[in-house]
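Visitor: This is data_22.tsv, which holds TSV, C-alpha atoms and all ligand atoms:
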chain	number	residue	atom	x	y	z
F	1080	MET	CA	-50.21	50.83	83.95
F	1081	LYS	CA	-52.34	53.98	83.83
F	1082	LYS	CA	-55.71	53.37	85.45
F	1083	PHE	CA	-58.76	53.28	83.21
F	1084	ARG	CA	-61.52	55.72	84.21
F	1085	ILE	CA	-64.79	53.88	84.28
F	1086	PRO	CA	-67.99	55.83	83.66
F	1087	THR	CA	-69.57	57.73	86.52
F	1088	PRO	CA	-73.24	56.73	86.32
F	1089	LYS	CA	-75.71	59.55	85.78
F	1090	SER	CA	-78.77	57.30	85.50
F	1091	GLY	CA	-79.56	53.64	85.82
F	1092	GLY	CA	-81.76	50.71	86.61
F	1093	VAL	CA	-81.65	48.90	89.93
F	1094	ILE	CA	-82.30	45.19	89.29
F	1095	LEU	CA	-84.09	44.03	92.45
F	1096	SER	CA	-83.84	40.43	91.19
F	1097	TYR	CA	-83.52	38.71	87.82
F	1098	LYS	CA	-86.62	36.68	88.66
F	1099	CYS	CA	-89.56	37.46	86.41
F	1100	SER	CA	-93.12	36.32	85.88
F	1101	SER	CA	-92.33	35.94	82.16
F	1102	GLU	CA	-89.52	34.59	79.99
F	1103	CYS	CA	-89.54	36.99	77.05
F	1104	LYS	CA	-87.69	36.01	73.89
F	1105	HIS	CA	-85.97	39.40	73.69
F	1106	CYS	CA	-84.96	39.82	77.37
F	1107	MET	CA	-81.44	41.22	77.65
F	1108	TYR	CA	-81.02	39.87	81.19
F	1109	TYR	CA	-82.47	36.38	80.78
F	1110	GLY	CA	-85.22	37.26	83.28
F	1111	SER	CA	-87.29	34.18	84.04
F	1112	PRO	CA	-89.47	32.50	86.68
F	1113	LYS	CA	-86.64	29.94	86.93
F	1114	TRP	CA	-84.25	32.33	88.70
F	1115	SER	CA	-84.02	31.55	92.40
F	1116	GLY	CA	-85.20	35.07	93.25
F	1117	ASP	CA	-82.17	36.23	95.17
F	1118	TRP	CA	-83.91	39.49	95.96
F	1119	ILE	CA	-81.55	42.17	97.09
F	1120	SER	CA	-81.64	42.44	100.88
F	1121	GLU	CA	-82.92	45.66	102.42
F	1122	LYS	CA	-79.47	46.31	103.85
F	1123	ASP	CA	-77.78	45.90	100.44
F	1124	LEU	CA	-80.51	47.96	98.81
F	1125	GLU	CA	-79.88	50.81	101.24
F	1126	GLU	CA	-76.12	50.58	100.67
F	1127	THR	CA	-76.51	50.42	96.90
F	1128	LEU	CA	-78.85	53.37	96.71
F	1129	THR	CA	-76.68	55.38	99.10
F	1130	GLN	CA	-73.64	54.74	96.89
F	1131	ILE	CA	-75.33	55.70	93.64
F	1132	SER	CA	-77.30	58.63	95.08
F	1133	ASN	CA	-74.24	60.88	94.78
F	1134	TYR	CA	-74.10	60.43	91.04
F	1135	ILE	CA	-77.66	60.30	89.74
F	1136	GLN	CA	-78.90	63.24	87.68
F	1137	GLU	CA	-82.45	64.47	87.60
F	1138	SER	CA	-84.64	64.61	84.51
F	1139	PRO	CA	-84.24	67.78	82.40
F	1140	TYR	CA	-87.86	68.47	83.48
F	1141	GLY	CA	-86.85	68.48	87.15
F	1142	PRO	CA	-86.48	66.01	90.05
F	1143	GLU	CA	-90.23	65.43	90.34
F	1144	ASN	CA	-90.41	64.33	86.70
F	1145	VAL	CA	-89.06	61.30	84.87
F	1146	SER	CA	-87.16	60.65	81.63
F	1147	LEU	CA	-85.93	57.33	80.31
F	1148	ASN	CA	-82.22	58.09	80.70
F	1149	TYR	CA	-82.23	60.12	83.91
F	1150	GLY	CA	-82.79	59.28	87.55
F	1151	ILE	CA	-83.20	55.77	88.91
F	1152	HIS	CA	-85.63	53.12	87.82
F	1153	PHE	CA	-86.51	49.85	89.50
F	1154	THR	CA	-86.42	46.90	87.22
F	1155	GLY	CA	-85.57	43.21	87.01
F	1156	GLY	CA	-86.86	40.73	86.43
F	1157	GLU	CA	-90.26	42.00	87.44
F	1158	PRO	CA	-90.13	44.32	90.46
F	1159	PHE	CA	-93.82	43.84	91.34
F	1160	LEU	CA	-93.08	40.18	92.20
F	1161	ASN	CA	-91.73	41.60	95.46
F	1162	TYR	CA	-93.99	44.54	96.04
F	1163	ASP	CA	-92.85	45.10	99.65
F	1164	LEU	CA	-89.25	45.38	98.53
F	1165	LEU	CA	-90.24	47.79	95.78
F	1166	LEU	CA	-92.02	49.97	98.35
F	1167	LYS	CA	-88.93	49.88	100.55
F	1168	ALA	CA	-86.74	50.91	97.61
F	1169	VAL	CA	-89.00	53.87	96.90
F	1170	GLU	CA	-88.88	54.93	100.56
F	1171	ILE	CA	-85.10	54.75	100.64
F	1172	CYS	CA	-84.84	56.84	97.46
F	1173	LYS	CA	-87.10	59.44	99.02
F	1174	SER	CA	-84.99	59.56	102.18
F	1175	LEU	CA	-81.84	59.98	100.06
F	1176	ASP	CA	-83.44	62.63	97.84
F	1177	ILE	CA	-82.78	60.60	94.68
F	1178	PRO	CA	-84.57	62.40	91.84
F	1179	SER	CA	-86.70	61.17	88.94
F	1180	THR	CA	-87.51	57.65	90.19
F	1181	PHE	CA	-89.73	55.31	88.24
F	1182	VAL	CA	-90.61	51.62	88.05
F	1183	GLU	CA	-90.63	49.47	84.93
F	1184	THR	CA	-93.25	46.70	84.76
F	1185	ASN	CA	-94.70	44.07	82.46
F	1186	CYS	CA	-98.14	44.55	84.18
F	1187	TYR	CA	-98.69	40.84	84.93
F	1188	TRP	CA	-100.04	41.88	88.34
F	1189	CYS	CA	-102.74	44.28	87.06
F	1190	LYS	CA	-105.52	41.72	87.41
F	1191	ASN	CA	-108.23	44.17	88.43
F	1192	ASP	CA	-108.74	47.91	88.82
F	1193	LYS	CA	-108.72	47.83	92.60
F	1194	ILE	CA	-105.31	46.21	93.13
F	1195	THR	CA	-103.77	48.20	90.27
F	1196	LYS	CA	-104.95	51.53	91.64
F	1197	GLU	CA	-104.13	50.71	95.26
F	1198	ASN	CA	-100.54	49.74	94.46
F	1199	LEU	CA	-99.84	52.67	92.17
F	1200	VAL	CA	-101.33	55.20	94.57
F	1201	GLU	CA	-99.37	53.74	97.47
F	1202	LEU	CA	-96.10	53.86	95.50
F	1203	LYS	CA	-96.75	57.45	94.56
F	1204	GLU	CA	-97.52	58.39	98.15
F	1205	LYS	CA	-94.25	56.80	99.28
F	1206	GLY	CA	-92.37	58.98	96.80
F	1207	LEU	CA	-92.22	57.22	93.42
F	1208	LYS	CA	-92.33	59.81	90.64
F	1209	GLY	CA	-93.42	57.74	87.65
F	1210	ILE	CA	-93.88	54.48	85.81
F	1211	LEU	CA	-92.80	52.84	82.56
F	1212	VAL	CA	-95.17	50.25	81.10
F	1213	SER	CA	-93.53	47.73	78.76
F	1214	VAL	CA	-95.52	46.82	75.65
F	1215	ASN	CA	-94.19	44.52	72.95
F	1216	PRO	CA	-95.03	41.22	71.22
F	1217	PHE	CA	-92.73	39.25	73.53
F	1218	ILE	CA	-94.47	40.29	76.73
F	1219	LEU	CA	-97.78	39.69	74.96
F	1220	GLU	CA	-96.96	35.98	74.98
F	1221	PHE	CA	-97.16	36.03	78.79
F	1222	VAL	CA	-99.35	38.96	79.87
F	1223	PRO	CA	-102.94	39.42	78.66
F	1224	PHE	CA	-103.15	42.76	76.89
F	1225	GLU	CA	-106.21	43.76	78.91
F	1226	ARG	CA	-103.89	43.96	81.97
F	1227	THR	CA	-101.51	46.22	80.08
F	1228	GLU	CA	-104.42	48.44	79.04
F	1229	ARG	CA	-105.62	48.60	82.64
F	1230	ALA	CA	-102.13	49.54	83.87
F	1231	ILE	CA	-101.91	52.27	81.25
F	1232	LYS	CA	-105.33	53.75	82.02
F	1233	ILE	CA	-104.74	53.84	85.78
F	1234	SER	CA	-101.08	54.93	85.52
F	1235	MET	CA	-102.12	57.92	83.43
F	1236	ASP	CA	-104.56	58.84	86.12
F	1237	VAL	CA	-102.11	58.39	89.01
F	1238	PHE	CA	-98.82	59.58	87.50
F	1239	ARG	CA	-100.13	61.98	84.83
F	1240	GLU	CA	-97.23	63.28	82.73
F	1241	ASN	CA	-94.78	60.97	84.52
F	1242	PHE	CA	-96.05	57.98	82.66
F	1243	MET	CA	-94.17	56.29	79.79
F	1244	ILE	CA	-95.05	53.46	77.42
F	1245	TYR	CA	-92.22	51.50	75.87
F	1246	GLN	CA	-93.04	50.95	73.02
F	1247	LEU	CA	-95.99	53.13	72.02
F	1248	TYR	CA	-95.99	51.66	68.50
F	1249	TYR	CA	-97.06	48.27	69.86
F	1250	TYR	CA	-99.68	49.69	72.18
F	1251	GLU	CA	-101.36	51.34	69.22
F	1252	GLN	CA	-100.93	48.26	67.03
F	1253	PHE	CA	-102.40	45.87	69.62
F	1254	LYS	CA	-105.36	48.22	70.09
F	1255	GLU	CA	-105.92	48.29	66.34
F	1256	LEU	CA	-105.75	44.51	66.20
F	1257	ASN	CA	-108.29	44.40	69.06
F	1258	ILE	CA	-106.08	42.08	71.11
F	1259	LYS	CA	-107.31	41.42	74.66
F	1260	ASP	CA	-105.60	38.25	75.79
F	1261	LYS	CA	-102.10	36.78	75.47
F	1262	LEU	CA	-100.85	35.95	71.99
F	1263	PRO	CA	-98.06	33.52	71.03
F	1264	LEU	CA	-95.41	35.08	68.82
F	1265	GLU	CA	-96.17	32.63	65.97
F	1266	LYS	CA	-99.79	33.85	65.93
F	1267	TYR	CA	-98.72	37.48	66.12
F	1268	LEU	CA	-96.47	36.92	63.12
F	1269	GLN	CA	-99.50	35.69	61.19
F	1270	LEU	CA	-101.09	39.11	61.76
F	1271	ILE	CA	-98.10	41.26	60.90
F	1272	SER	CA	-95.02	40.61	58.79
F	1273	ILE	CA	-91.61	39.73	60.15
F	1274	ASP	CA	-90.31	42.84	58.37
F	1275	ASP	CA	-92.77	44.94	60.35
F	1276	LEU	CA	-91.47	43.38	63.57
F	1277	LYS	CA	-87.84	43.96	62.65
F	1278	ARG	CA	-88.50	47.49	61.45
F	1279	ASN	CA	-90.51	48.71	64.40
F	1280	VAL	CA	-89.38	46.95	67.53
F	1281	GLU	CA	-86.29	48.38	69.17
F	1282	LEU	CA	-84.65	45.03	69.47
F	1283	PHE	CA	-81.12	44.54	70.69
F	1284	LYS	CA	-79.43	41.46	69.28
F	1285	MET	CA	-78.19	40.41	72.69
F	1286	GLY	CA	-79.51	38.50	75.72
F	1287	ARG	CA	-82.11	35.83	74.99
F	1288	ALA	CA	-82.81	37.28	71.53
F	1289	ILE	CA	-79.57	35.79	70.21
F	1290	TYR	CA	-81.00	32.32	70.86
F	1291	CYS	CA	-84.78	32.70	70.65
F	1292	LEU	CA	-85.00	35.19	67.77
F	1293	GLN	CA	-81.94	34.26	65.76
F	1294	ASP	CA	-84.04	32.98	62.85
F	1295	LEU	CA	-85.17	36.56	62.23
F	1296	TYR	CA	-81.65	37.59	61.37
F	1297	LYS	CA	-78.97	36.70	58.90
F	1298	LYS	CA	-75.94	35.05	60.47
F	1299	TYR	CA	-72.36	35.79	59.52
F	1300	PRO	CA	-69.08	34.00	60.18
F	1301	ILE	CA	-67.05	35.29	63.09
F	1302	ASN	CA	-64.56	37.25	60.97
F	1303	TYR	CA	-67.41	39.46	59.68
F	1304	TYR	CA	-67.35	41.13	63.14
F	1305	PHE	CA	-63.59	41.11	63.72
F	1306	ASN	CA	-63.05	44.88	63.50
F	1307	GLU	CA	-65.80	45.77	65.96
F	1308	ASN	CA	-65.25	46.71	69.58
F	1309	CYS	CA	-67.45	47.97	72.38
F	1310	HIS	CA	-65.87	51.15	73.65
F	1311	ILE	CA	-69.03	53.19	73.15
F	1312	GLU	CA	-71.40	50.65	74.70
F	1313	LEU	CA	-69.18	50.01	77.71
F	1314	VAL	CA	-68.12	53.50	78.71
F	1315	ARG	CA	-71.37	55.39	78.38
F	1316	ASN	CA	-72.65	56.76	81.70
F	1317	TRP	CA	-76.40	56.72	81.11
F	1318	HIS	CA	-78.88	53.92	81.66
F	1319	CYS	CA	-76.35	51.67	83.39
F	1320	HIS	CA	-77.55	48.87	85.63
F	1321	PHE	CA	-76.90	47.85	89.22
F	1322	ASP	CA	-77.88	44.33	90.14
F	1323	ASN	CA	-79.03	42.51	93.25
F	1324	TYR	CA	-75.61	40.87	93.62
F	1325	GLY	CA	-73.94	44.28	93.97
F	1326	ASN	CA	-72.56	44.51	90.42
F	1327	TYR	CA	-72.10	47.80	88.63
F	1328	MET	CA	-72.92	46.64	85.11
F	1329	PRO	CA	-71.79	48.51	82.00
F	1330	GLY	CA	-74.74	49.80	79.96
F	1331	TYR	CA	-76.97	46.98	78.77
F	1332	CYS	CA	-74.25	44.33	78.90
F	1333	GLY	CA	-75.60	41.64	81.20
F	1334	GLY	CA	-73.10	39.26	82.79
F	1335	LEU	CA	-70.35	41.89	82.89
F	1336	SER	CA	-69.33	43.93	85.93
F	1337	TRP	CA	-67.03	46.86	86.62
F	1338	GLY	CA	-66.91	45.78	90.25
F	1339	ASN	CA	-68.88	45.89	93.45
F	1340	LEU	CA	-71.11	48.85	94.14
F	1341	ARG	CA	-69.72	49.07	97.67
F	1342	ASN	CA	-66.57	50.42	96.01
F	1343	LEU	CA	-68.35	52.72	93.59
F	1344	ASP	CA	-66.54	55.86	94.78
F	1345	SER	CA	-63.11	54.32	94.34
F	1346	LEU	CA	-64.11	52.61	91.06
F	1347	CYS	CA	-65.23	55.96	89.66
F	1348	ASN	CA	-62.56	58.17	91.21
F	1349	ASP	CA	-59.47	55.94	90.97
F	1350	GLY	CA	-60.40	53.83	87.95
F	1351	ILE	CA	-59.36	50.23	87.36
F	1352	ASN	CA	-56.28	48.51	86.06
F	1353	LEU	CA	-57.58	46.97	82.84
F	1354	ASP	CA	-54.85	44.29	82.99
F	1355	GLU	CA	-56.87	42.79	85.84
F	1356	TYR	CA	-59.97	42.67	83.60
F	1357	PRO	CA	-58.72	40.99	80.40
F	1358	ILE	CA	-62.18	40.47	78.92
F	1359	LEU	CA	-63.25	44.07	79.41
F	1360	LYS	CA	-59.85	45.18	78.16
F	1361	ALA	CA	-60.23	43.17	74.96
F	1362	LEU	CA	-63.72	44.58	74.35
F	1363	ILE	CA	-62.83	48.21	75.12
F	1364	ILE	CA	-59.42	48.77	73.64
F	1365	GLY	CA	-59.07	45.72	71.44
F	1366	ASN	CA	-61.56	44.27	69.03
F	1367	LEU	CA	-63.61	41.11	68.53
F	1368	LYS	CA	-60.72	39.50	66.64
F	1369	GLY	CA	-58.41	39.83	69.63
F	1370	PHE	CA	-61.11	38.61	72.00
F	1371	TYR	CA	-61.79	35.56	69.86
F	1372	GLU	CA	-58.07	34.76	69.48
F	1373	PHE	CA	-57.59	35.08	73.25
F	1374	ALA	CA	-60.51	32.72	73.92
F	1375	ASN	CA	-59.37	30.28	71.26
F	1376	ARG	CA	-55.75	30.26	72.47
F	1377	GLU	CA	-56.36	30.18	76.23
F	1378	PHE	CA	-59.64	28.26	76.48
F	1379	GLY	CA	-60.07	26.38	73.21
F	1380	TYR	CA	-63.11	28.33	72.07
F	1381	LYS	CA	-64.15	27.25	68.56
F	1382	GLU	CA	-66.09	29.33	66.05
F	1383	LYS	CA	-69.73	28.27	65.62
F	1384	LYS	CA	-70.19	26.85	62.15
F	1385	ASP	CA	-73.68	28.34	61.70
F	1386	GLY	CA	-72.48	31.89	62.37
F	1387	TYR	CA	-73.56	34.76	64.59
F	1388	VAL	CA	-76.33	37.34	64.43
F	1389	SER	CA	-74.32	40.11	66.11
F	1390	LYS	CA	-71.11	40.95	67.90
F	1391	CYS	CA	-72.99	40.46	71.20
F	1392	HIS	CA	-73.78	36.92	70.10
F	1393	ILE	CA	-70.05	36.20	69.77
F	1394	CYS	CA	-69.26	38.03	73.00
F	1395	PHE	CA	-71.81	36.05	74.98
F	1396	GLU	CA	-70.89	32.69	73.45
F	1397	ILE	CA	-67.24	33.29	74.29
F	1398	ARG	CA	-67.98	34.50	77.82
F	1399	ARG	CA	-70.24	31.51	78.43
F	1400	HIS	CA	-67.50	29.19	77.20
F	1401	ILE	CA	-64.86	30.83	79.39
F	1402	ILE	CA	-66.98	30.74	82.55
F	1403	SER	CA	-67.62	27.04	81.97
F	1404	LYS	CA	-63.83	26.56	82.26
F	1405	THR	CA	-62.89	28.98	85.02
F	1406	ASP	CA	-64.37	31.36	87.55
F	1407	SER	CA	-61.22	33.47	87.72
F	1408	PHE	CA	-62.44	36.48	85.71
F	1409	LYS	CA	-63.82	39.05	88.10
F	1410	GLU	CA	-65.66	40.90	85.33
F	1411	LEU	CA	-67.85	37.85	84.55
F	1412	LYS	CA	-70.55	38.48	87.14
F	1413	PRO	CA	-72.93	37.28	88.36
F	1414	PRO	CA	-72.02	33.66	87.53
F	1415	GLU	CA	-75.73	32.74	87.78
F	1416	PHE	CA	-76.32	34.88	84.68
F	1417	TYR	CA	-74.58	32.28	82.54
F	1418	SER	CA	-76.67	29.39	83.79
F	1419	TYR	CA	-80.20	30.76	83.13
F	1420	ILE	CA	-80.24	30.60	79.35
F	1501	LIG	S1	-70.35	42.69	72.36
F	1501	LIG	FE1	-70.41	42.26	74.56
F	1501	LIG	S2	-69.54	44.06	75.54
F	1501	LIG	FE2	-70.04	44.62	73.41
F	1501	LIG	S3	-72.06	45.56	73.53
F	1501	LIG	FE3	-72.35	43.37	73.09
F	1501	LIG	S4	-72.59	42.36	75.10
F	1501	LIG	FE4	-71.74	44.41	75.44
Starting from the coordinates I provided, produce the structure as structure tokens.

Guide:
Amino acid sequence: MKKFRIPTPKSGGVILSYKCSSECKHCMYYGSPKWSGDWISEKDLEETLTQISNYIQESPYGPENVSLNYGIHFTGGEPFLNYDLLLKAVEICKSLDIPSTFVETNCYWCKNDKITKENLVELKEKGLKGILVSVNPFILEFVPFERTERAIKISMDVFRENFMIYQLYYYEQFKELNIKDKLPLEKYLQLISIDDLKRNVELFKMGRAIYCLQDLYKKYPINYYFNENCHIELVRNWHCHFDNYGNYMPGYCGGLSWGNLRNLDSLCNDGINLDEYPILKALIIGNLKGFYEFANREFGYKEKKDGYVSKCHICFEIRRHIISKTDSFKELKPPEFYSYI
């Protein structure tokens, strides 16, 4: 069979660990304090960054600047839970000349001005180009907003134009609402309408959202999604992810892997035989109907009677069912991903 060319990554996030200080209801990677914290080793980190350094493209504003879908960002989980490893990652990137590096954080660690400034200045001195501060109602359940505000104020000072807020809408809204502390989602939804939340948050109906936020969305029977497939999501080459277990993950699709990063050159140059990756094959060149029929026929997967909020909901339910029966699919990685729900 002709080999399938997998995307050559031009930008991406390096997941240092899936362990997080929070357990956000929208997290696409099921980040949680419950993960064992299998932090990537320094040796694997060096190997991973060396492999991907050949492919990463700089921001359109230049290598010293950052943009969301260019360069490399450090993510998780929460990268500041292992600050020494984050520093090491920044140093390695500098030695490899990887452009447009930034870190993504939920700001849980910004407990006072001193520690916040010291860490950000040190990271910048080691070579980090910028920072992305996450702001949304799900993080607000775990991180007092005054810490987010502190991170923003000091990041602007340290990183200047290389500072991003994701999502600005919520930063402005929380300021207007004069929020300072944490706020449970139920209380937040008493202040704003559910429609406002659905309209303004960029919320992917995948990851933990399919379980924790499913009441926000209408559910449909499985055949509603039968004609959909995932070619676009899986073969894009921007904002891919590379995890601490060595997986080259397609796009935002947690729990799926093109293969091990050690083989990135051959994966990208030679391609893969899709017959050896039946699940990816079904999602790329088939459709959800074929994937469901395969899972039903081979593994006895049964449609959920209460329906699904998205195609990713079906995809994940089926993958979770399959991995509970067999570990023989090499694209279902890491296996831990399916046990931290
Ligand atoms: S359905 Fe599966 S493969 Fe497709 S975008 Fe969603 S998680 Fe990714």

Visitor: Can you tell me which residues sit at most 8 Å away from ligand LIG 1501 (chain F), counting all atoms listed in the file, written as a PDB file with C-alpha atoms, in the coordinates of the input?

Guide:
ATOM      1  CA  MET F1285     -78.190  40.410  72.690  1.00  0.00           C
ATOM      2  CA  GLY F1286     -79.510  38.500  75.720  1.00  0.00           C
ATOM      3  CA  ASN F1308     -65.250  46.710  69.580  1.00  0.00           C
ATOM      4  CA  CYS F1309     -67.450  47.970  72.380  1.00  0.00           C
ATOM      5  CA  HIS F1310     -65.870  51.150  73.650  1.00  0.00           C
ATOM      6  CA  GLU F1312     -71.400  50.650  74.700  1.00  0.00           C
ATOM      7  CA  LEU F1313     -69.180  50.010  77.710  1.00  0.00           C
ATOM      8  CA  PRO F1329     -71.790  48.510  82.000  1.00  0.00           C
ATOM      9  CA  GLY F1330     -74.740  49.800  79.960  1.00  0.00           C
ATOM     10  CA  TYR F1331     -76.970  46.980  78.770  1.00  0.00           C
ATOM     11  CA  CYS F1332     -74.250  44.330  78.900  1.00  0.00           C
ATOM     12  CA  GLY F1333     -75.600  41.640  81.200  1.00  0.00           C
ATOM     13  CA  LEU F1335     -70.350  41.890  82.890  1.00  0.00           C
ATOM     14  CA  LEU F1359     -63.250  44.070  79.410  1.00  0.00           C
ATOM     15  CA  LEU F1362     -63.720  44.580  74.350  1.00  0.00           C
ATOM     16  CA  ILE F1363     -62.830  48.210  75.120  1.00  0.00           C
ATOM     17  CA  LEU F1367     -63.610  41.110  68.530  1.00  0.00           C
ATOM     18  CA  SER F1389     -74.320  40.110  66.110  1.00  0.00           C
ATOM     19  CA  LYS F1390     -71.110  40.950  67.900  1.00  0.00           C
ATOM     20  CA  CYS F1391     -72.990  40.460  71.200  1.00  0.00           C
ATOM     21  CA  HIS F1392     -73.780  36.920  70.100  1.00  0.00           C
ATOM     22  CA  ILE F1393     -70.050  36.200  69.770  1.00  0.00           C
ATOM     23  CA  CYS F1394     -69.260  38.030  73.000  1.00  0.00           C
ATOM     24  CA  PHE F1395     -71.810  36.050  74.980  1.00  0.00           C
TER      25      PHE F1395
END

Visitor: Fewer than 2 positions away in the same chain doesn't count, so skip those; otherwise give me all residues within 7 Å of stretch 1210-1222 of chain F, counting only C-alpha atoms, as an NGL selection string.

Guide: :F and (1101 or 1103-1105 or 1181-1185 or 1187 or 1224 or 1241-1246 or 1249-1250 or 1261-1264)

Visitor: Kindly give the distance, in Å, that separates atom CA of F:Arg1399 and atom CA of F:Tyr1109, rounded to a single decimal.

Guide: 13.4 Å

Visitor: F:Ser1407, F:Ser1345, F:Asn1375, F:Asn1306: which is nearest F:Gln1130, counting only C-alpha atoms?

Guide: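 With only C-alpha atoms as the atom set, the closest residue is F:Ser1345.
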
Visitor: Calculated over all atoms listed in the file, which of the candidates F:Leu1295, F:Ile1094, F:Leu1270, F:Cys1172 has the smallest distance to F:Leu1282?

Guide: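 Among F:Leu1295, F:Ile1094, F:Leu1270, F:Cys1172, it is F:Leu1295 that comes nearest to F:Leu1282.
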
Visitor: Quick one: distance from atom CA of F:Leu1276 to atom CA of F:Glu1251 in Å, one decimal?

Guide: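 Atom CA of F:Glu1251 lies at a distance of 13.9 Å from atom CA of F:Leu1276.
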
Visitor: Just add all heavy atoms to stretch 1193-1199 of chain F and send it as a PDB file, in the coordinates of the input.

Guide:
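Dumped everything to out.pdb:
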ATOM      1  N   LYS F1193    -108.933  47.503  91.190  1.00  0.00           N
ATOM      2  CA  LYS F1193    -108.720  47.830  92.600  1.00  0.00           C
ATOM      3  C   LYS F1193    -107.238  47.661  92.990  1.00  0.00           C
ATOM      4  O   LYS F1193    -106.599  48.603  93.467  1.00  0.00           O
ATOM      5  CB  LYS F1193    -109.607  46.920  93.464  1.00  0.00           C
ATOM      6  CG  LYS F1193    -109.559  47.225  94.945  1.00  0.00           C
ATOM      7  CD  LYS F1193    -110.662  46.457  95.666  1.00  0.00           C
ATOM      8  CE  LYS F1193    -110.610  46.690  97.162  1.00  0.00           C
ATOM      9  NZ  LYS F1193    -109.451  46.124  97.820  1.00  0.00           N
ATOM     10  N   ILE F1194    -106.693  46.481  92.718  1.00  0.00           N
ATOM     11  CA  ILE F1194    -105.310  46.210  93.130  1.00  0.00           C
ATOM     12  C   ILE F1194    -104.336  47.118  92.361  1.00  0.00           C
ATOM     13  O   ILE F1194    -103.353  47.620  92.892  1.00  0.00           O
ATOM     14  CB  ILE F1194    -104.948  44.707  92.971  1.00  0.00           C
ATOM     15  CG1 ILE F1194    -103.577  44.384  93.586  1.00  0.00           C
ATOM     16  CG2 ILE F1194    -104.910  44.248  91.550  1.00  0.00           C
ATOM     17  CD1 ILE F1194    -103.645  44.116  95.029  1.00  0.00           C
ATOM     18  N   THR F1195    -104.662  47.360  91.096  1.00  0.00           N
ATOM     19  CA  THR F1195    -103.770  48.200  90.270  1.00  0.00           C
ATOM     20  C   THR F1195    -103.723  49.618  90.851  1.00  0.00           C
ATOM     21  O   THR F1195    -102.645  50.179  91.066  1.00  0.00           O
ATOM     22  CB  THR F1195    -104.282  48.228  88.813  1.00  0.00           C
ATOM     23  OG1 THR F1195    -104.443  46.893  88.367  1.00  0.00           O
ATOM     24  CG2 THR F1195    -103.311  48.948  87.904  1.00  0.00           C
ATOM     25  N   LYS F1196    -104.905  50.159  91.125  1.00  0.00           N
ATOM     26  CA  LYS F1196    -104.950  51.530  91.640  1.00  0.00           C
ATOM     27  C   LYS F1196    -104.321  51.617  93.029  1.00  0.00           C
ATOM     28  O   LYS F1196    -103.515  52.519  93.307  1.00  0.00           O
ATOM     29  CB  LYS F1196    -106.399  52.030  91.670  1.00  0.00           C
ATOM     30  CG  LYS F1196    -106.489  53.472  92.111  1.00  0.00           C
ATOM     31  CD  LYS F1196    -107.546  54.216  91.387  1.00  0.00           C
ATOM     32  CE  LYS F1196    -107.360  55.702  91.619  1.00  0.00           C
ATOM     33  NZ  LYS F1196    -108.271  56.521  90.929  1.00  0.00           N
ATOM     34  N   GLU F1197    -104.656  50.672  93.877  1.00  0.00           N
ATOM     35  CA  GLU F1197    -104.130  50.710  95.260  1.00  0.00           C
ATOM     36  C   GLU F1197    -102.595  50.719  95.253  1.00  0.00           C
ATOM     37  O   GLU F1197    -101.959  51.513  95.947  1.00  0.00           O
ATOM     38  CB  GLU F1197    -104.621  49.494  96.047  1.00  0.00           C
ATOM     39  CG  GLU F1197    -105.987  49.685  96.634  1.00  0.00           C
ATOM     40  CD  GLU F1197    -106.502  48.404  97.306  1.00  0.00           C
ATOM     41  OE1 GLU F1197    -105.734  47.431  97.475  1.00  0.00           O
ATOM     42  OE2 GLU F1197    -107.699  48.406  97.619  1.00  0.00           O
ATOM     43  N   ASN F1198    -102.015  49.829  94.477  1.00  0.00           N
ATOM     44  CA  ASN F1198    -100.540  49.740  94.460  1.00  0.00           C
ATOM     45  C   ASN F1198     -99.902  51.009  93.896  1.00  0.00           C
ATOM     46  O   ASN F1198     -98.921  51.519  94.442  1.00  0.00           O
ATOM     47  CB  ASN F1198    -100.092  48.530  93.636  1.00  0.00           C
ATOM     48  CG  ASN F1198    -100.305  47.222  94.364  1.00  0.00           C
ATOM     49  OD1 ASN F1198    -100.691  47.209  95.532  1.00  0.00           O
ATOM     50  ND2 ASN F1198    -100.073  46.118  93.684  1.00  0.00           N
ATOM     51  N   LEU F1199    -100.466  51.497  92.801  1.00  0.00           N
ATOM     52  CA  LEU F1199     -99.840  52.670  92.170  1.00  0.00           C
ATOM     53  C   LEU F1199     -99.990  53.914  93.058  1.00  0.00           C
ATOM     54  O   LEU F1199     -99.048  54.712  93.188  1.00  0.00           O
ATOM     55  CB  LEU F1199    -100.437  52.906  90.776  1.00  0.00           C
ATOM     56  CG  LEU F1199    -100.132  51.797  89.757  1.00  0.00           C
ATOM     57  CD1 LEU F1199    -100.721  52.142  88.400  1.00  0.00           C
ATOM     58  CD2 LEU F1199     -98.634  51.537  89.628  1.00  0.00           C
TER      59      LEU F1199
END
